[in-house]
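**Student:** The following block contains the structure, expressed as structure tokens.
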Amino acid sequence: MGYRPRVVRALVLLVGFWLMGLAMLVAMAVLDWLLVTRLLTARAAWLEGMVLTVTVLLALAIVRGMFVFVRAGRLGPVPHAVAVAPRDQPELWEQVRVAAQVAGERPPDELHLVAEVNAGVAEHSRLLGLLPGRRRMLLGLPLLAGLTVPQLRAVLAHEFGHFAHLDTRLGGVVMRGRNAVLHTVAVFGRGSTPLHRTIGALYLGYARVFLRTSQSVARRQERAADQVAARHAGRGATVAALRALPVLDAAHTHYRRTYAEMGTPLGALPPVGEVHGGFVRLLAARPGEHLATLSAGCRARRPHPYDSHPPTAERIALVEELPADGRDDDSADAPTALGLLRDPGKVFAELEACTLPHEAAGLRRMSWDDLVMARAVADAEGWSRPLRLAVVRALRAQARGAGEPVGTELPGLEEVLDAFDRGLLWMEVADRMPKPPQAARLVGASARNFIRPKVFDGLAGMVHLRLTDAGLARPDIAWSGRPGLALPEEWEKSMDEALDAAVADTPDTAPLRTLLAGIDHMPVRPRAGVGDRRHRGLSRDPAG
């Protein structure tokens, strides 16, 4: 079947989506009329009354669905975004206007910057876009920070290409109809009554047929939008943008979890403007392939069965097959699109004020170094506490058996090592470490191997606290790695081996005691050096 017949078939199904509700309303109206005028009897009045009540409630649900479908193209408020006017950011607006002109479309009436790796154009449409309405563009600040100007041009042209009637005007109507159908089904899915869910199931079944039929139309529109992007920005820049988007998405997720949310357990935030602006620092410290490593271990998102986007590899291959345009692929050397903004620090601060919850206004602000140190200390205390509790309980049990006084304070590092030397680690302490019920049934080597990492972490946490108190551990934000504590080189070389020996099947605390004995003779470092390394104990995901 050709493209135009597929568009017409999808359009017929789209109209049928709305007519289905109208047909059900007519059927129920006929049923109610028959009940009232022809079938009403005194004997079955209660049953007929119940049927009338149900049909009225169903009718209300159907009318709601039809109303939602008609209003699906309305533009609502955008509370978590910064609206920018042409006079505020003329350079960025110029790029947007040119991209719209290349696609043969009118520019948006509004431009909002958001804190997502995303871009999109929405229209306050009437009759699914047959009558034009107010347009709004959402553009992610992380995109501006991670894409070059040519790559941004490709993204902008692609978004306006969705509105360009490249094959037939009805193709754009079908695309907007898909969004309206998905919105309507989502509203019914959130229904609070069985009747809403029942009607929603009918709409869902019809929606699957429409989405399956219109998927080829939607994907052709996506490929056509890619061609608009290549024509405007160049084939090389378009391919580079397609490859960069999933990498930026993974990098931004890593940044939020590892850096922006670092102070959540502490009730603290990074400096003003750095909640989102710190992402620029991470990108600067991770050029090229180093940034791509953040997405290497990420599981690819499972594609939606009715996703309008073809696979990225397929889109790249199709763009690369386009005729050479004479433009070299020098987008990697071009300046980032963030340079289009005037006073980006102010924009990041405004976006932060829009996206943070109201209760965040009372949180304390800390520098990145102070935040790393505070989180490292809190993590170390959290990791060491289970071990210290297990040791003090083991010592209390032993003291009661010997009739000796029972201590109440949590033990220090040397007391924990003394307990290990007395053979209490695998006999008494390990049994008192917290573990899931399934692990409680383990015995012998299996039990030791299960609990050993927790003992290692607890002991490492106590060591970190000792080094921090001695002024020998310094915070390392490590934009190119993971934030943590930078330790003296001697400790970095020998600490892991010493901890491994202390938690071995036959504990040997001598190597760790030797390191601890040298603390008093080490000079206090004024700050963490750029070349300092972090101990692995604090390289965990701070959000975990």
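A note on labels: chains of the structure tokens are A, B, ... as shown, every chain counts residues from 1, and ligands are counted from 1 in their shown order.
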List as a PyMOL selection string the protein and nucleic acid residues near A:Val98, meaning an atom at most 12 Å away when only C-alpha atoms are counted, but skip any in the same chain fewer than 2 places from it.

**Tutor:** chain A and resi 91-96+100-108+152-154+156-157+160+229+232-233

**Student:** Put those residues in a file: C-alpha atoms, as a PDB file, in the first residue's frame.

**Tutor:**
```
ATOM      1  CA  GLU A  91      21.213  34.652  19.323  1.00  0.00           C
ATOM      2  CA  LEU A  92      19.301  31.559  20.397  1.00  0.00           C
ATOM      3  CA  TRP A  93      16.063  32.888  18.937  1.00  0.00           C
ATOM      4  CA  GLU A  94      17.814  33.542  15.636  1.00  0.00           C
ATOM      5  CA  GLN A  95      18.832  29.887  15.392  1.00  0.00           C
ATOM      6  CA  VAL A  96      15.243  28.853  16.125  1.00  0.00           C
ATOM      7  CA  ALA A 100      11.756  27.065  11.220  1.00  0.00           C
ATOM      8  CA  GLN A 101      12.274  28.949   7.962  1.00  0.00           C
ATOM      9  CA  VAL A 102      14.280  26.082   6.464  1.00  0.00           C
ATOM     10  CA  ALA A 103      11.433  23.673   7.311  1.00  0.00           C
ATOM     11  CA  GLY A 104       8.933  26.068   5.739  1.00  0.00           C
ATOM     12  CA  GLU A 105       7.231  26.635   9.076  1.00  0.00           C
ATOM     13  CA  ARG A 106       6.501  29.643  11.229  1.00  0.00           C
ATOM     14  CA  PRO A 107       8.654  30.066  14.334  1.00  0.00           C
ATOM     15  CA  PRO A 108       7.247  29.443  17.803  1.00  0.00           C
ATOM     16  CA  LEU A 152      21.756  22.082  17.673  1.00  0.00           C
ATOM     17  CA  ARG A 153      20.725  23.356  14.252  1.00  0.00           C
ATOM     18  CA  ALA A 154      20.066  19.767  13.224  1.00  0.00           C
ATOM     19  CA  LEU A 156      15.927  22.364  15.783  1.00  0.00           C
ATOM     20  CA  ALA A 157      15.322  21.671  12.095  1.00  0.00           C
ATOM     21  CA  PHE A 160      10.145  21.871  12.937  1.00  0.00           C
ATOM     22  CA  ALA A 229      17.845  18.515   9.567  1.00  0.00           C
ATOM     23  CA  HIS A 232      19.900  22.699   7.180  1.00  0.00           C
ATOM     24  CA  ALA A 233      22.825  21.625   9.363  1.00  0.00           C
TER      25      ALA A 233
END
```

**Student:** Taking the DSSP secondary structure from the backbone, can you list the residues of stretch 334-440 of chain A that are alpha helix (DSSP H), as JSON, numbers by chain?

**Tutor:** {"A": [344, 345, 346, 347, 348, 349, 350, 351, 352, 353, 354, 355, 368, 369, 370, 371, 372, 373, 374, 375, 376, 377, 378, 379, 380, 381, 382, 383, 384, 385, 386, 387, 388, 389, 390, 391, 392, 393, 394, 395, 396, 397, 398, 399, 400, 401, 402, 413, 414, 415, 416, 417, 418, 419, 420, 421]}

**Student:** Excluding stretch 384-393 of chain A and any residue of its chain fewer than 2 positions from it, enumerate the residues within 9 Å of it, using only C-alpha atoms, and give them as an mmCIF file with N, CA and C atoms, in the first residue's frame.

**Tutor:**
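Saved result, out-v9.cif, follows:
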```cif
data_model
loop_
_atom_site.group_PDB
_atom_site.id
_atom_site.type_symbol
_atom_site.label_atom_id
_atom_site.label_comp_id
_atom_site.auth_asym_id
_atom_site.auth_seq_id
_atom_site.Cartn_x
_atom_site.Cartn_y
_atom_site.Cartn_z
ATOM 1 N N ASP A 379 28.613 8.935 54.601
ATOM 2 C CA ASP A 379 28.651 7.563 54.087
ATOM 3 C C ASP A 379 29.551 6.685 54.942
ATOM 4 N N ALA A 380 30.723 7.213 55.312
ATOM 5 C CA ALA A 380 31.647 6.433 56.127
ATOM 6 C C ALA A 380 31.027 6.073 57.472
ATOM 7 N N GLU A 381 30.324 7.022 58.069
ATOM 8 C CA GLU A 381 29.650 6.731 59.339
ATOM 9 C C GLU A 381 28.557 5.686 59.148
ATOM 10 N N GLY A 382 27.841 5.795 58.046
ATOM 11 C CA GLY A 382 26.782 4.817 57.792
ATOM 12 C C GLY A 382 27.318 3.422 57.532
ATOM 13 N N LEU A 395 31.304 -8.075 72.089
ATOM 14 C CA LEU A 395 32.095 -7.821 73.289
ATOM 15 C C LEU A 395 31.230 -7.891 74.548
ATOM 16 N N ARG A 396 29.985 -7.398 74.456
ATOM 17 C CA ARG A 396 29.084 -7.474 75.613
ATOM 18 C C ARG A 396 28.770 -8.921 75.945
ATOM 19 N N ALA A 397 28.512 -9.727 74.933
ATOM 20 C CA ALA A 397 28.210 -11.134 75.183
ATOM 21 C C ALA A 397 29.393 -11.827 75.840
ATOM 22 N N GLN A 398 30.590 -11.517 75.372
ATOM 23 C CA GLN A 398 31.782 -12.137 75.964
ATOM 24 C C GLN A 398 32.009 -11.651 77.392
ATOM 25 N N GLY A 407 30.572 -2.700 78.576
ATOM 26 C CA GLY A 407 30.692 -1.357 78.028
ATOM 27 C C GLY A 407 29.443 -0.966 77.257
ATOM 28 N N THR A 408 29.223 0.335 77.133
ATOM 29 C CA THR A 408 28.035 0.831 76.434
ATOM 30 C C THR A 408 28.376 1.643 75.193
ATOM 31 N N GLU A 409 29.599 2.141 75.079
ATOM 32 C CA GLU A 409 29.961 2.979 73.946
ATOM 33 C C GLU A 409 30.365 2.122 72.749
ATOM 34 N N LEU A 410 30.137 2.675 71.556
ATOM 35 C CA LEU A 410 30.576 1.975 70.349
ATOM 36 C C LEU A 410 32.093 1.957 70.297
ATOM 37 N N PRO A 411 32.679 0.861 69.845
ATOM 38 C CA PRO A 411 34.134 0.740 69.869
ATOM 39 C C PRO A 411 34.797 1.596 68.796
ATOM 40 N N GLY A 412 36.033 1.977 69.054
ATOM 41 C CA GLY A 412 36.831 2.681 68.067
ATOM 42 C C GLY A 412 37.531 1.704 67.142
ATOM 43 N N LEU A 413 38.351 2.224 66.239
ATOM 44 C CA LEU A 413 39.000 1.386 65.234
ATOM 45 C C LEU A 413 39.934 0.369 65.881
ATOM 46 N N GLU A 415 39.812 -0.890 68.896
ATOM 47 C CA GLU A 415 39.025 -1.908 69.614
ATOM 48 C C GLU A 415 38.436 -2.931 68.644
ATOM 49 N N VAL A 416 38.031 -2.472 67.464
ATOM 50 C CA VAL A 416 37.515 -3.403 66.468
ATOM 51 C C VAL A 416 38.621 -4.346 66.010
ATOM 52 N N ALA A 419 39.299 -6.938 68.597
ATOM 53 C CA ALA A 419 38.292 -8.006 68.555
ATOM 54 C C ALA A 419 38.590 -8.994 67.438
ATOM 55 N N LEU A 424 37.150 -13.001 67.178
ATOM 56 C CA LEU A 424 35.708 -12.787 67.272
ATOM 57 C C LEU A 424 35.035 -12.480 65.938
ATOM 58 N N LEU A 425 35.843 -12.197 64.874
ATOM 59 C CA LEU A 425 35.227 -11.743 63.627
ATOM 60 C C LEU A 425 34.255 -12.771 63.072
ATOM 61 N N GLU A 428 31.744 -14.434 66.266
ATOM 62 C CA GLU A 428 30.732 -13.653 66.967
ATOM 63 C C GLU A 428 30.248 -12.432 66.171
ATOM 64 N N VAL A 429 31.190 -11.687 65.610
ATOM 65 C CA VAL A 429 30.827 -10.425 64.958
ATOM 66 C C VAL A 429 29.997 -10.670 63.704
ATOM 67 N N ALA A 430 30.431 -11.579 62.840
ATOM 68 C CA ALA A 430 29.738 -11.808 61.568
ATOM 69 C C ALA A 430 28.289 -12.214 61.788
ATOM 70 N N ASP A 431 28.048 -13.004 62.825
ATOM 71 C CA ASP A 431 26.666 -13.436 63.089
ATOM 72 C C ASP A 431 25.773 -12.279 63.516
ATOM 73 N N ARG A 432 26.363 -11.195 63.996
ATOM 74 C CA ARG A 432 25.573 -10.059 64.458
ATOM 75 C C ARG A 432 25.476 -8.935 63.419
ATOM 76 N N MET A 433 26.079 -9.146 62.252
ATOM 77 C CA MET A 433 25.946 -8.161 61.174
ATOM 78 C C MET A 433 24.571 -8.306 60.528
ATOM 79 N N PRO A 434 23.942 -7.195 60.138
ATOM 80 C CA PRO A 434 22.619 -7.295 59.497
ATOM 81 C C PRO A 434 22.713 -8.016 58.159
ATOM 82 N N LYS A 454 30.631 -6.430 53.483
ATOM 83 C CA LYS A 454 30.053 -5.494 54.449
ATOM 84 C C LYS A 454 31.043 -5.181 55.569
ATOM 85 N N VAL A 455 31.783 -6.196 56.000
ATOM 86 C CA VAL A 455 32.814 -5.958 57.011
ATOM 87 C C VAL A 455 33.914 -5.080 56.433
ATOM 88 N N ASP A 457 33.630 -2.832 54.021
ATOM 89 C CA ASP A 457 33.132 -1.462 53.926
ATOM 90 C C ASP A 457 33.089 -0.784 55.291
ATOM 91 N N GLY A 458 32.659 -1.529 56.318
ATOM 92 C CA GLY A 458 32.607 -0.945 57.652
ATOM 93 C C GLY A 458 33.983 -0.553 58.155
ATOM 94 N N LEU A 459 34.962 -1.434 57.914
ATOM 95 C CA LEU A 459 36.323 -1.139 58.340
ATOM 96 C C LEU A 459 36.903 0.023 57.533
ATOM 97 N N ALA A 460 36.610 0.049 56.211
ATOM 98 C CA ALA A 460 37.093 1.149 55.376
ATOM 99 C C ALA A 460 36.473 2.469 55.817
ATOM 100 N N GLY A 461 35.199 2.449 56.191
ATOM 101 C CA GLY A 461 34.565 3.668 56.671
ATOM 102 C C GLY A 461 35.238 4.204 57.917
ATOM 103 N N MET A 462 35.608 3.333 58.839
ATOM 104 C CA MET A 462 36.293 3.774 60.050
ATOM 105 C C MET A 462 37.667 4.355 59.729
#
```

**Student:** For atom CA of A:Leu282 and atom CA of A:Trp479, quote the distance in Å rounded to one decimal.

**Tutor:**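 Straight-line distance from atom CA of A:Leu282 to atom CA of A:Trp479 works out to 5.0 Å.
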
**Student:** So that I can see what lies close to A:Arg281, please list as a VMD selection string the residues with an atom at most 12 Å from it, counting only C-alpha atoms and leaving out residues fewer than 2 positions away in the same chain.

**Tutor:** chain A and resid 142 145 to 146 251 to 252 255 259 to 260 274 to 279 283 to 287 368 477 to 480

**Student:** Store the residues of this selection in a file with N, CA, C and O atoms, as an mmCIF file, in the first residue's frame.

**Tutor:**
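Contents of result-v9.cif, as written:
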```cif
data_model
loop_
_atom_site.group_PDB
_atom_site.id
_atom_site.type_symbol
_atom_site.label_atom_id
_atom_site.label_comp_id
_atom_site.auth_asym_id
_atom_site.auth_seq_id
_atom_site.Cartn_x
_atom_site.Cartn_y
_atom_site.Cartn_z
ATOM 1 N N PRO A 142 20.527 21.073 29.081
ATOM 2 C CA PRO A 142 21.592 20.081 28.886
ATOM 3 C C PRO A 142 21.933 19.855 27.415
ATOM 4 O O PRO A 142 23.078 19.526 27.094
ATOM 5 N N ALA A 145 24.260 22.576 26.457
ATOM 6 C CA ALA A 145 25.578 22.372 27.060
ATOM 7 C C ALA A 145 26.368 21.273 26.373
ATOM 8 O O ALA A 145 27.606 21.313 26.359
ATOM 9 N N GLY A 146 25.679 20.299 25.780
ATOM 10 C CA GLY A 146 26.367 19.143 25.230
ATOM 11 C C GLY A 146 26.474 19.096 23.726
ATOM 12 O O GLY A 146 27.273 18.315 23.188
ATOM 13 N N ALA A 251 24.717 10.659 30.272
ATOM 14 C CA ALA A 251 25.599 11.509 31.072
ATOM 15 C C ALA A 251 24.797 12.392 32.019
ATOM 16 O O ALA A 251 25.187 12.599 33.172
ATOM 17 N N HIS A 252 23.670 12.907 31.558
ATOM 18 C CA HIS A 252 22.850 13.765 32.417
ATOM 19 C C HIS A 252 22.227 12.967 33.557
ATOM 20 O O HIS A 252 22.130 13.455 34.691
ATOM 21 N N TYR A 255 24.936 12.488 36.010
ATOM 22 C CA TYR A 255 25.214 13.726 36.742
ATOM 23 C C TYR A 255 24.174 13.960 37.835
ATOM 24 O O TYR A 255 24.515 14.315 38.972
ATOM 25 N N TYR A 259 25.983 13.713 41.288
ATOM 26 C CA TYR A 259 26.426 15.037 41.720
ATOM 27 C C TYR A 259 25.268 15.908 42.220
ATOM 28 O O TYR A 259 25.296 16.362 43.363
ATOM 29 N N ALA A 260 24.282 16.157 41.375
ATOM 30 C CA ALA A 260 23.217 17.098 41.751
ATOM 31 C C ALA A 260 22.470 16.648 42.996
ATOM 32 O O ALA A 260 22.067 17.478 43.815
ATOM 33 N N GLU A 274 24.222 25.732 40.363
ATOM 34 C CA GLU A 274 25.033 24.559 40.082
ATOM 35 C C GLU A 274 24.239 23.258 40.095
ATOM 36 O O GLU A 274 24.761 22.210 39.709
ATOM 37 N N VAL A 275 22.978 23.281 40.538
ATOM 38 C CA VAL A 275 22.178 22.059 40.511
ATOM 39 C C VAL A 275 22.072 21.546 39.081
ATOM 40 O O VAL A 275 22.190 20.354 38.815
ATOM 41 N N HIS A 276 21.843 22.455 38.141
ATOM 42 C CA HIS A 276 21.835 22.094 36.723
ATOM 43 C C HIS A 276 23.126 22.527 36.034
ATOM 44 O O HIS A 276 23.589 21.866 35.107
ATOM 45 N N GLY A 277 23.711 23.627 36.483
ATOM 46 C CA GLY A 277 24.905 24.150 35.832
ATOM 47 C C GLY A 277 26.135 23.298 36.014
ATOM 48 O O GLY A 277 27.062 23.366 35.198
ATOM 49 N N GLY A 278 26.179 22.467 37.063
ATOM 50 C CA GLY A 278 27.335 21.593 37.247
ATOM 51 C C GLY A 278 27.511 20.599 36.120
ATOM 52 O O GLY A 278 28.614 20.053 35.923
ATOM 53 N N PHE A 279 26.448 20.351 35.364
ATOM 54 C CA PHE A 279 26.553 19.432 34.226
ATOM 55 C C PHE A 279 27.568 19.939 33.204
ATOM 56 O O PHE A 279 28.242 19.146 32.536
ATOM 57 N N LEU A 283 30.761 17.801 31.583
ATOM 58 C CA LEU A 283 31.020 17.674 30.146
ATOM 59 C C LEU A 283 32.417 18.168 29.794
ATOM 60 O O LEU A 283 33.096 17.577 28.944
ATOM 61 N N ALA A 284 32.863 19.246 30.443
ATOM 62 C CA ALA A 284 34.196 19.775 30.158
ATOM 63 C C ALA A 284 35.295 18.807 30.584
ATOM 64 O O ALA A 284 36.366 18.749 29.969
ATOM 65 N N ALA A 285 35.033 18.030 31.646
ATOM 66 C CA ALA A 285 36.045 17.091 32.158
ATOM 67 C C ALA A 285 36.009 15.739 31.452
ATOM 68 O O ALA A 285 36.895 14.917 31.653
ATOM 69 N N ARG A 286 34.974 15.504 30.638
ATOM 70 C CA ARG A 286 34.830 14.208 29.971
ATOM 71 C C ARG A 286 34.645 14.417 28.463
ATOM 72 O O ARG A 286 33.556 14.254 27.930
ATOM 73 N N PRO A 287 35.702 14.753 27.765
ATOM 74 C CA PRO A 287 35.548 14.963 26.321
ATOM 75 C C PRO A 287 35.433 13.644 25.561
ATOM 76 O O PRO A 287 35.950 12.609 25.973
ATOM 77 N N TRP A 368 31.013 22.622 46.257
ATOM 78 C CA TRP A 368 31.149 21.223 45.826
ATOM 79 C C TRP A 368 32.107 20.458 46.729
ATOM 80 O O TRP A 368 31.845 19.304 47.097
ATOM 81 N N ILE A 477 36.109 16.257 43.918
ATOM 82 C CA ILE A 477 34.859 16.248 43.170
ATOM 83 C C ILE A 477 34.944 15.329 41.966
ATOM 84 O O ILE A 477 33.949 14.726 41.565
ATOM 85 N N ALA A 478 36.116 15.210 41.358
ATOM 86 C CA ALA A 478 36.376 14.214 40.308
ATOM 87 C C ALA A 478 35.311 14.222 39.224
ATOM 88 O O ALA A 478 34.608 13.238 39.022
ATOM 89 N N TRP A 479 35.198 15.335 38.511
ATOM 90 C CA TRP A 479 34.222 15.404 37.427
ATOM 91 C C TRP A 479 34.493 14.358 36.358
ATOM 92 O O TRP A 479 33.569 13.916 35.676
ATOM 93 N N SER A 480 35.734 13.971 36.222
ATOM 94 C CA SER A 480 36.072 12.965 35.204
ATOM 95 C C SER A 480 35.956 11.541 35.731
ATOM 96 O O SER A 480 36.196 10.587 34.992
#
```

**Student:** What does the distance from atom CA of A:Arg134 to atom CA of A:Leu75 come to in Å, to one decimal?

**Tutor:** 8.3 Å

**Student:** Could you state the separation of atom CA of A:Phe163 and atom CA of A:Leu248 in Å, given to one decimal place?

**Tutor:**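 Rounded to one decimal, the two atoms are 25.3 Å apart.
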
**Student:** Restricting the calculation to only C-alpha atoms: of A:Arg315, A:Lys435, A:Arg219, A:Arg97, which residue gets closest to A:Ala240?

**Tutor:** A:Arg315

**Student:** Excluding stretch 113-117 of chain A and any residue of its chain fewer than 5 positions from it, enumerate the residues within 6 Å of it, using only C-alpha atoms, and give them as number ranges by chain.

**Tutor:** A: 81-82, 138-143, 249

**Student:** Residues of the last selection are to be written out with C-alpha atoms, as a compact mmCIF listing (two decimals), in the first residue's frame.

**Tutor:**
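The resulting file, selection-v8.txt, is shown below:
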```txt
# COMPACT_ATOMS: atom_id res chain seq x y z
CA ALA A 81 10.79 25.96 32.67
CA VAL A 82 12.30 29.38 32.03
CA LEU A 138 10.76 23.44 24.75
CA LEU A 139 14.55 23.25 24.61
CA GLY A 140 16.69 21.47 27.18
CA LEU A 141 19.62 23.36 28.71
CA PRO A 142 21.59 20.08 28.89
CA LEU A 143 21.26 19.93 25.09
CA ASP A 249 20.97 11.47 28.12
```

**Student:** Which of these residues is nearest to A:Asp508, using only C-alpha atoms: A:Asp32, A:Glu289, A:Asp421, A:Asp469?

**Tutor:**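 Looking at the shortest contact to A:Asp508, the residue is A:Asp421.
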
**Student:** Please identify which residues in stretch 222-387 of chain A DSSP calls strand (DSSP E or B) from the backbone, and express them as a list of chain:residue names.

**Tutor:** A:Ala268, A:Leu269, A:Thr336, A:Arg364, A:Arg365

**Student:** Pull C-alpha atoms from the residues just selected and write them as a short mmCIF file (atom, residue, chain, number, x, y, z; two decimals), in the first residue's frame.

**Tutor:**
```cif
data_model
loop_
_atom_site.label_atom_id
_atom_site.label_comp_id
_atom_site.auth_asym_id
_atom_site.auth_seq_id
_atom_site.Cartn_x
_atom_site.Cartn_y
_atom_site.Cartn_z
CA ALA A 268 21.98 20.35 51.38
CA LEU A 269 22.31 21.68 47.84
CA THR A 336 28.95 24.47 22.23
CA ARG A 364 21.69 25.02 53.11
CA ARG A 365 24.01 25.68 50.19
#
```

**Student:** Considering only C-alpha atoms, state which residue in the set A:Ala374, A:His290, A:Gly273, A:Pro511 is at the smallest distance from A:Ala353.

**Tutor:**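 Of the candidates, the smallest distance to A:Ala353 is held by A:Gly273.
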
**Student:** Nearest to A:Leu57: which of A:Thr198, A:Thr258, A:Gln89, A:Gln151 is it, counting only C-alpha atoms?

**Tutor:**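 Selected residue with least distance to A:Leu57: A:Thr198.
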